[in-house]
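The next block is structure_16.csv, given as CSV, C-alpha atoms.
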```
chain,number,residue,atom,x,y,z
A,32,MET,CA,4.4,-21.1,11.9
A,33,ALA,CA,3.5,-24.0,14.1
A,34,ASN,CA,6.2,-26.5,13.6
A,35,ILE,CA,8.8,-28.5,15.5
A,36,ASP,CA,11.3,-25.6,15.5
A,37,MET,CA,12.3,-24.7,19.0
A,38,THR,CA,15.6,-23.1,17.9
A,39,ASN,CA,14.8,-19.6,19.1
A,40,THR,CA,13.9,-20.4,22.7
A,41,ASP,CA,16.3,-20.2,25.6
A,42,PRO,CA,17.5,-23.8,26.0
A,43,TYR,CA,18.2,-23.3,29.8
A,44,ARG,CA,15.8,-24.2,32.5
A,45,PRO,CA,15.6,-22.4,35.9
A,46,VAL,CA,18.0,-23.8,38.4
A,47,ASP,CA,16.4,-26.2,40.8
A,48,GLU,CA,17.4,-28.7,43.5
A,49,THR,CA,17.4,-31.5,40.8
A,50,ALA,CA,20.1,-29.7,38.9
A,51,ARG,CA,22.2,-28.8,41.9
A,52,ASP,CA,22.1,-32.4,43.2
A,53,MET,CA,23.0,-33.8,39.7
A,54,ALA,CA,25.9,-31.4,39.4
A,55,ARG,CA,27.3,-32.3,42.8
A,56,ASP,CA,26.8,-36.0,42.1
A,57,LEU,CA,28.7,-35.8,38.8
A,58,ILE,CA,31.6,-34.0,40.5
A,59,THR,CA,31.7,-36.4,43.4
A,60,GLU,CA,31.7,-39.5,41.2
A,61,ALA,CA,34.2,-38.3,38.6
A,62,THR,CA,37.5,-40.2,38.4
A,63,TYR,CA,38.6,-38.4,35.3
A,64,GLY,CA,37.5,-35.7,32.9
A,65,ALA,CA,38.4,-33.7,29.8
A,66,MET,CA,40.2,-30.5,30.5
A,67,ALA,CA,40.2,-27.6,27.9
A,68,VAL,CA,43.0,-25.1,28.1
A,69,LEU,CA,44.5,-22.5,25.9
A,70,CYS,CA,47.7,-23.5,24.1
A,71,PRO,CA,50.4,-21.1,25.4
A,72,ASP,CA,51.9,-20.3,22.1
A,73,THR,CA,48.8,-19.8,20.0
A,74,ALA,CA,45.9,-19.1,22.5
A,75,LEU,CA,44.0,-21.8,20.6
A,76,PRO,CA,42.0,-24.4,22.5
A,77,SER,CA,43.3,-27.9,23.4
A,78,VAL,CA,41.7,-30.7,25.4
A,79,SER,CA,43.2,-33.7,27.2
A,80,ARG,CA,42.2,-36.2,29.8
A,81,ILE,CA,43.1,-35.7,33.5
A,82,ALA,CA,42.5,-37.7,36.6
A,83,LEU,CA,39.9,-36.2,39.0
A,84,ALA,CA,38.9,-36.4,42.6
A,85,THR,CA,37.6,-33.9,45.1
A,86,ASP,CA,39.1,-31.9,48.0
A,87,ASP,CA,37.6,-31.6,51.5
A,88,HIS,CA,35.2,-29.0,50.2
A,89,GLY,CA,33.9,-31.2,47.4
A,90,GLN,CA,35.7,-29.1,44.7
A,91,PRO,CA,37.6,-30.8,41.9
A,92,VAL,CA,41.3,-31.6,42.1
A,93,THR,CA,43.7,-33.3,39.8
A,94,LEU,CA,47.2,-34.7,40.1
A,95,ILE,CA,49.2,-33.9,37.0
A,96,SER,CA,52.8,-33.9,35.6
A,97,THR,CA,54.8,-30.9,34.5
A,98,LEU,CA,55.8,-33.1,31.6
A,99,ALA,CA,52.3,-32.7,30.2
A,100,ASP,CA,51.4,-30.0,27.7
A,101,HIS,CA,48.3,-29.1,29.7
A,102,THR,CA,50.4,-28.3,32.7
A,103,ARG,CA,52.5,-25.9,30.8
A,104,ALA,CA,49.3,-24.4,29.4
A,105,LEU,CA,47.8,-23.9,32.9
A,106,LYS,CA,51.0,-22.3,34.1
A,107,ALA,CA,50.8,-19.8,31.3
A,108,ASN,CA,47.0,-19.2,31.7
A,109,PRO,CA,45.1,-20.9,34.5
A,110,THR,CA,41.7,-20.4,32.8
A,111,CYS,CA,40.3,-23.7,31.8
A,112,ALA,CA,37.1,-25.8,31.5
A,113,LEU,CA,36.4,-29.3,32.7
A,114,LEU,CA,33.9,-31.8,31.2
A,115,ILE,CA,32.8,-34.5,33.6
A,116,GLY,CA,30.2,-37.2,33.6
A,117,GLU,CA,31.3,-40.1,31.5
A,118,PRO,CA,28.8,-42.4,29.8
A,119,GLY,CA,29.0,-46.1,30.4
A,120,SER,CA,29.8,-48.4,27.5
A,121,THR,CA,26.1,-48.9,26.7
A,122,GLY,CA,23.3,-46.5,25.7
A,123,ASP,CA,23.3,-43.2,23.9
A,124,PRO,CA,26.3,-41.1,25.2
A,125,LEU,CA,24.4,-37.9,24.5
A,126,THR,CA,21.6,-38.8,26.9
A,127,HIS,CA,24.1,-39.3,29.7
A,128,PRO,CA,24.3,-36.3,32.1
A,129,ARG,CA,27.5,-34.2,31.8
A,130,LEU,CA,28.7,-31.0,33.4
A,131,THR,CA,31.0,-28.3,32.0
A,132,LEU,CA,32.9,-26.4,34.7
A,133,HIS,CA,34.5,-23.0,33.9
A,134,ALA,CA,37.4,-22.7,36.3
A,135,ASN,CA,40.7,-21.3,37.3
A,136,ALA,CA,43.4,-23.8,38.0
A,137,GLN,CA,45.4,-23.3,41.2
A,138,PHE,CA,48.7,-25.1,41.7
A,139,VAL,CA,49.2,-26.4,45.2
A,140,ILE,CA,52.7,-25.8,46.6
A,141,ARG,CA,54.4,-28.9,47.9
A,142,GLY,CA,55.3,-28.8,51.5
A,143,THR,CA,52.3,-26.7,52.5
A,144,ASP,CA,49.6,-27.8,54.9
A,145,GLU,CA,47.2,-27.7,52.0
A,146,HIS,CA,49.4,-30.0,50.0
A,147,ASP,CA,49.7,-32.5,52.8
A,148,ALA,CA,46.0,-32.6,53.5
A,149,LEU,CA,45.2,-33.0,49.9
A,150,ARG,CA,47.8,-35.7,49.5
A,151,ILE,CA,46.2,-37.8,52.3
A,152,ARG,CA,42.7,-37.3,50.9
A,153,TYR,CA,43.7,-37.9,47.3
A,154,LEU,CA,45.4,-41.2,48.2
A,155,SER,CA,42.4,-42.3,50.2
A,156,LEU,CA,40.2,-41.7,47.2
A,157,ARG,CA,42.7,-42.9,44.5
A,158,PRO,CA,45.1,-45.4,46.2
A,159,LYS,CA,46.8,-46.3,42.9
A,160,ALA,CA,48.2,-42.7,42.7
A,161,LYS,CA,50.7,-43.6,45.4
A,162,LEU,CA,52.9,-44.9,42.5
A,163,TYR,CA,53.6,-41.4,41.3
A,164,VAL,CA,52.2,-38.8,43.8
A,165,ASP,CA,55.7,-38.1,45.2
A,166,PHE,CA,57.5,-37.9,41.8
A,167,ALA,CA,59.2,-34.6,41.5
A,168,ASP,CA,57.3,-33.6,38.4
A,169,PHE,CA,53.8,-34.4,39.8
A,170,GLY,CA,51.7,-31.9,41.6
A,171,PHE,CA,48.1,-31.2,42.7
A,172,VAL,CA,46.0,-28.6,41.0
A,173,THR,CA,42.6,-27.4,42.4
A,174,PHE,CA,39.9,-25.8,40.3
A,175,ALA,CA,38.1,-22.7,41.5
A,176,VAL,CA,34.8,-22.9,39.6
A,177,SER,CA,33.2,-19.7,38.4
A,178,GLU,CA,30.1,-21.2,36.6
A,179,ALA,CA,28.8,-24.5,35.3
A,180,VAL,CA,26.6,-25.8,32.5
A,181,LEU,CA,24.8,-29.0,33.2
A,182,ASN,CA,23.4,-31.0,30.3
A,183,GLY,CA,21.0,-33.7,31.6
A,184,GLY,CA,20.3,-35.1,28.1
A,185,PHE,CA,18.4,-33.7,25.1
A,186,GLY,CA,16.4,-30.6,26.1
A,187,LYS,CA,17.5,-30.6,29.7
A,188,ALA,CA,20.2,-27.9,30.3
A,189,TRP,CA,20.9,-25.6,33.2
A,190,ARG,CA,23.4,-22.9,33.9
A,191,LEU,CA,24.6,-22.9,37.5
A,192,ALA,CA,26.6,-20.6,39.6
A,193,SER,CA,29.4,-21.9,41.8
A,194,THR,CA,27.2,-21.1,44.8
A,195,ASP,CA,24.5,-23.4,43.4
A,196,ILE,CA,26.9,-26.3,43.7
A,197,TRP,CA,28.8,-25.2,46.9
A,198,PRO,CA,26.4,-23.0,48.8
A,199,ASP,CA,28.9,-22.6,51.7
A,200,GLN,CA,31.7,-21.5,49.6
A,201,ARG,CA,32.6,-17.9,48.9
A,202,THR,CA,32.1,-17.0,45.2
A,203,THR,CA,35.4,-17.4,43.4
B,946,MET,CA,72.3,-36.6,39.2
B,947,ALA,CA,71.1,-40.1,38.7
B,948,ASN,CA,67.6,-40.1,40.0
B,949,ILE,CA,64.0,-40.8,38.9
B,950,ASP,CA,63.7,-37.4,37.4
B,951,MET,CA,62.8,-37.6,33.7
B,952,THR,CA,61.1,-34.2,33.7
B,953,ASN,CA,63.5,-32.6,31.2
B,954,THR,CA,63.3,-35.2,28.5
B,955,ASP,CA,61.1,-34.9,25.4
B,956,PRO,CA,58.1,-37.0,26.3
B,957,TYR,CA,57.2,-37.7,22.6
B,958,ARG,CA,58.3,-40.8,20.8
B,959,PRO,CA,59.1,-40.9,17.1
B,960,VAL,CA,56.0,-41.5,15.0
B,961,ASP,CA,55.7,-45.1,13.9
B,962,GLU,CA,53.1,-47.4,12.4
B,963,THR,CA,51.8,-48.4,15.8
B,964,ALA,CA,51.0,-44.8,16.6
B,965,ARG,CA,49.4,-44.2,13.2
B,966,ASP,CA,47.2,-47.3,13.5
B,967,MET,CA,46.2,-46.5,17.0
B,968,ALA,CA,45.2,-43.0,16.0
B,969,ARG,CA,43.1,-44.2,13.1
B,970,ASP,CA,41.4,-46.9,15.2
B,971,LEU,CA,40.5,-44.3,17.9
B,972,ILE,CA,38.9,-42.1,15.3
B,973,THR,CA,37.1,-44.9,13.6
B,974,GLU,CA,35.6,-46.3,16.8
B,975,ALA,CA,34.6,-43.0,18.4
B,976,THR,CA,30.9,-42.5,18.9
B,977,TYR,CA,31.4,-39.3,20.9
B,978,GLY,CA,34.1,-37.1,22.2
B,979,ALA,CA,34.9,-33.9,24.1
B,980,MET,CA,35.2,-30.7,22.0
B,981,ALA,CA,37.1,-27.7,23.2
B,982,VAL,CA,36.2,-24.3,21.7
B,983,LEU,CA,36.8,-20.7,22.5
B,984,CYS,CA,33.8,-18.9,24.1
B,985,PRO,CA,32.9,-16.2,21.6
B,986,ASP,CA,32.4,-13.4,24.2
B,987,THR,CA,35.6,-14.1,26.2
B,988,ALA,CA,38.0,-16.1,24.1
B,989,LEU,CA,38.3,-18.5,27.1
B,990,PRO,CA,38.2,-22.2,26.6
B,991,SER,CA,35.1,-24.3,27.0
B,992,VAL,CA,34.5,-28.0,26.5
B,993,SER,CA,31.4,-30.1,25.8
B,994,ARG,CA,30.4,-33.5,24.6
B,995,ILE,CA,29.5,-34.1,20.9
B,996,ALA,CA,28.5,-37.1,18.9
B,997,LEU,CA,31.1,-38.4,16.5
B,998,ALA,CA,31.3,-40.5,13.4
B,999,THR,CA,33.5,-40.4,10.3
B,1000,ASP,CA,33.0,-39.2,6.7
B,1001,ASP,CA,34.0,-41.2,3.6
B,1002,HIS,CA,37.6,-40.2,4.1
B,1003,GLY,CA,37.7,-41.5,7.7
B,1004,GLN,CA,37.8,-37.9,9.0
B,1005,PRO,CA,35.7,-36.9,12.0
B,1006,VAL,CA,32.2,-35.5,11.6
B,1007,THR,CA,29.5,-34.5,14.1
B,1008,LEU,CA,25.9,-33.6,14.0
B,1009,ILE,CA,25.1,-30.6,16.2
B,1010,SER,CA,22.3,-28.2,17.0
B,1011,THR,CA,22.5,-24.4,16.6
B,1012,LEU,CA,20.9,-24.3,20.0
B,1013,ALA,CA,24.1,-25.4,21.6
B,1014,ASP,CA,26.7,-23.0,22.9
B,1015,HIS,CA,29.5,-24.9,21.2
B,1016,THR,CA,27.8,-24.3,17.8
B,1017,ARG,CA,27.7,-20.6,18.3
B,1018,ALA,CA,31.4,-20.8,19.4
B,1019,LEU,CA,32.4,-22.6,16.3
B,1020,LYS,CA,30.5,-20.1,14.1
B,1021,ALA,CA,32.5,-17.3,15.7
B,1022,ASN,CA,35.8,-19.2,15.6
B,1023,PRO,CA,36.1,-22.6,13.9
B,1024,THR,CA,39.4,-23.5,15.7
B,1025,CYS,CA,38.7,-26.3,18.1
B,1026,ALA,CA,40.2,-29.5,19.6
B,1027,LEU,CA,38.7,-32.9,20.0
B,1028,LEU,CA,39.5,-35.5,22.7
B,1029,ILE,CA,38.5,-39.0,21.7
B,1030,GLY,CA,39.1,-42.5,23.0
B,1031,GLU,CA,36.9,-43.2,25.9
B,1032,PRO,CA,37.8,-45.6,28.7
B,1033,GLY,CA,35.5,-48.4,29.6
B,1034,SER,CA,34.0,-48.5,33.0
B,1035,THR,CA,36.8,-50.6,34.5
B,1036,GLY,CA,40.5,-50.1,34.7
B,1037,ASP,CA,42.6,-47.0,35.2
B,1038,PRO,CA,41.2,-44.3,32.8
B,1039,LEU,CA,44.7,-42.8,32.4
B,1040,THR,CA,46.1,-45.9,30.9
B,1041,HIS,CA,43.4,-46.0,28.2
B,1042,PRO,CA,44.7,-44.6,24.8
B,1043,ARG,CA,43.3,-41.2,23.8
B,1044,LEU,CA,43.8,-38.8,21.0
B,1045,THR,CA,43.7,-35.0,20.9
B,1046,LEU,CA,42.9,-33.6,17.5
B,1047,HIS,CA,43.6,-29.9,16.7
B,1048,ALA,CA,41.2,-28.9,14.0
B,1049,ASN,CA,39.1,-26.4,12.1
B,1050,ALA,CA,35.4,-27.0,12.1
B,1051,GLN,CA,33.6,-26.7,8.7
B,1052,PHE,CA,29.9,-26.4,8.5
B,1053,VAL,CA,28.3,-28.5,5.8
B,1054,ILE,CA,25.6,-26.6,3.9
B,1055,ARG,CA,22.2,-28.4,3.7
B,1056,GLY,CA,21.1,-29.2,0.2
B,1057,THR,CA,24.6,-29.7,-1.1
B,1058,ASP,CA,25.9,-33.1,-2.5
B,1059,GLU,CA,28.4,-33.2,0.4
B,1060,HIS,CA,25.5,-32.9,2.9
B,1061,ASP,CA,23.4,-35.6,1.2
B,1062,ALA,CA,26.3,-38.0,1.1
B,1063,LEU,CA,27.2,-37.3,4.6
B,1064,ARG,CA,23.6,-37.7,5.8
B,1065,ILE,CA,23.4,-41.2,4.2
B,1066,ARG,CA,26.7,-42.3,5.7
B,1067,TYR,CA,26.0,-40.8,9.1
B,1068,LEU,CA,22.6,-42.5,9.4
B,1069,SER,CA,24.1,-45.8,8.3
B,1070,LEU,CA,26.7,-45.5,11.2
B,1071,ARG,CA,24.4,-43.8,13.7
B,1072,PRO,CA,20.8,-44.9,12.9
B,1073,LYS,CA,19.3,-43.3,16.0
B,1074,ALA,CA,20.2,-39.9,14.6
B,1075,LYS,CA,17.3,-40.2,12.2
B,1076,LEU,CA,15.2,-38.8,15.0
B,1077,TYR,CA,16.7,-35.4,14.7
B,1078,VAL,CA,19.0,-35.3,11.6
B,1079,ASP,CA,16.4,-33.3,9.6
B,1080,PHE,CA,15.4,-30.8,12.4
B,1081,ALA,CA,15.9,-27.3,11.1
B,1082,ASP,CA,18.5,-26.5,13.8
B,1083,PHE,CA,20.7,-29.6,13.3
B,1084,GLY,CA,23.6,-29.7,10.9
B,1085,PHE,CA,26.8,-31.6,10.1
B,1086,VAL,CA,30.2,-30.2,10.9
B,1087,THR,CA,33.4,-31.8,9.6
B,1088,PHE,CA,36.8,-31.4,11.2
B,1089,ALA,CA,39.9,-30.6,9.2
B,1090,VAL,CA,42.6,-31.9,11.4
B,1091,SER,CA,46.0,-30.0,11.5
B,1092,GLU,CA,47.8,-32.1,14.0
B,1093,ALA,CA,47.2,-34.7,16.7
B,1094,VAL,CA,48.6,-35.8,20.0
B,1095,LEU,CA,48.2,-39.5,20.9
B,1096,ASN,CA,48.6,-40.6,24.5
B,1097,GLY,CA,48.9,-44.4,24.7
B,1098,GLY,CA,49.1,-44.4,28.5
B,1099,PHE,CA,51.9,-43.3,30.9
B,1100,GLY,CA,55.1,-42.5,29.1
B,1101,LYS,CA,53.7,-43.4,25.6
B,1102,ALA,CA,53.0,-40.2,23.7
B,1103,TRP,CA,53.3,-39.2,20.0
B,1104,ARG,CA,52.7,-36.0,18.0
B,1105,LEU,CA,51.2,-36.8,14.6
B,1106,ALA,CA,50.7,-34.8,11.5
B,1107,SER,CA,47.4,-35.0,9.7
B,1108,THR,CA,49.2,-36.9,6.9
B,1109,ASP,CA,50.3,-39.6,9.4
B,1110,ILE,CA,46.6,-40.4,10.0
B,1111,TRP,CA,45.3,-39.8,6.4
B,1112,PRO,CA,48.3,-40.3,4.1
B,1113,ASP,CA,46.1,-39.8,1.0
B,1114,GLN,CA,44.7,-36.5,2.1
B,1115,ARG,CA,46.0,-33.1,1.2
B,1116,THR,CA,47.5,-31.4,4.3
B,1117,THR,CA,44.8,-29.1,5.7
```
Transcribe the structure of this file into structure tokens.
Amino acid sequence: MANIDMTNTDPYRPVDETARDMARDLITEATYGAMAVLCPDTALPSVSRIALATDDHGQPVTLISTLADHTRALKANPTCALLIGEPGSTGDPLTHPRLTLHANAQFVIRGTDEHDALRIRYLSLRPKAKLYVDFADFGFVTFAVSEAVLNGGFGKAWRLASTDIWPDQRTT
Amino acid sequence: MANIDMTNTDPYRPVDETARDMARDLITEATYGAMAVLCPDTALPSVSRIALATDDHGQPVTLISTLADHTRALKANPTCALLIGEPGSTGDPLTHPRLTLHANAQFVIRGTDEHDALRIRYLSLRPKAKLYVDFADFGFVTFAVSEAVLNGGFGKAWRLASTDIWPDQRTT
């Protein structure tokens, strides 16, 4: 049947430089995102907003409180997903590019060189965080991304490997 | 020890009318949100953007394509979570109120009275959806909310039952 039905075709395009650049730009520009985790008691999904920046490798990092349910969830199971790329207040939000990152969360131990370098970088990118960065319950979490799905708007989707986005990184 | 450490206190406030109203307002005003699902093959969390409106009861509804990974995930396991309440382009995104809804997704069968009523309402709220609402691969999904977590900004969090938000509804 010749009709408008495209439901049975693979919706993903071959990865190209446009997709790689768009993914990197979304990560670099993100100041926050939605993080999906598994609830520790039920293994059911939850989702909450977190602040975002990048580390020296351009990989995502957040600064979160142990008070938050999502932090307890990540400590029980570090597997998570991030949605980044927030629409502006105008236009159709579903035509705005967004990126889903499948990742493992890694808690950064306070007092380590990694922590101190990240603290300097994070405060340079997010100066308002100096109000709480040194609170006892706050800590940095980095995200080791395994794969990504980029949605550039209706009909424009790509699956990317971590090495598509960070070609110089080892595969995590 | 008298210090700034508040890490061991319950971060949730008693539910009040302010929280109930804020939750209802966020749901009513949401045009999109982040939906967390379980990947059908791995049971790991994923998260993606979906369009949102409300049904006649003020409960959330989306219009999604079977082409999308999140639709396949919901068909395999309807348990999901929604994050709604999107910051504007200015100000600190973490001070903007947001709401996490824990829910079960319910696919609305085309050709039923429920579908036809929902189609009319959805198009009245989201007129641009007429471009794809009748595509064979698109369908409505409603969300039966079991509980909610409202975050009104730093230090202002509430846990709400479904009946706090929709007092006239049966508990789902």
Practice problem: Compute the chain A side of the contact with chain B at 9 Å, counting only C-alpha atoms, and hand it back as a PyMOL selection string. | Solution: chain A and resi 35-42+62-63+65-69+74-82+96-99+110-114+117-120+123-125+129-133+159+166-168
Quiz item: Got a sec: who's within 10 Å of Val139 (chain A), counting only C-alpha atoms, leaving out chain neighbours fewer than 2 positions off, as a list in words?
Solution: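 Near Val139 (chain A), the qualifying residues are Val92, Leu94, Ala136, Gln137, Arg141, Gly142, Thr143, Asp144, Glu145, His146, Asp147, Leu149, Gly170, Phe171, Val172 and Thr173 of chain A.
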Practice problem: For Thr963 (chain B), please output as an NGL selection string all residues within 12 Å (counting only C-alpha atoms; exclusion window: fewer than 5 positions along the same chain). | Solution: :B and (958 or 968-970 or 1095 or 1097 or 1101-1103 or 1105 or 1109-1110)
Exercise. Return the single residue from A:Gly122, A:Pro109, A:Pro128, A:Pro158 that is closest to Phe174 (chain A), with distances computed using all atoms listed in the file.
Key: A:Pro109
Quiz item: Taking into account all atoms listed in the file, which residue in the set A:Thr93, A:Asn135, A:Thr194, A:Ser177 is nearest to Lys106 (chain A)?
Solution: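 The shortest atom-to-atom distance to Lys106 (chain A) comes from A:Asn135.
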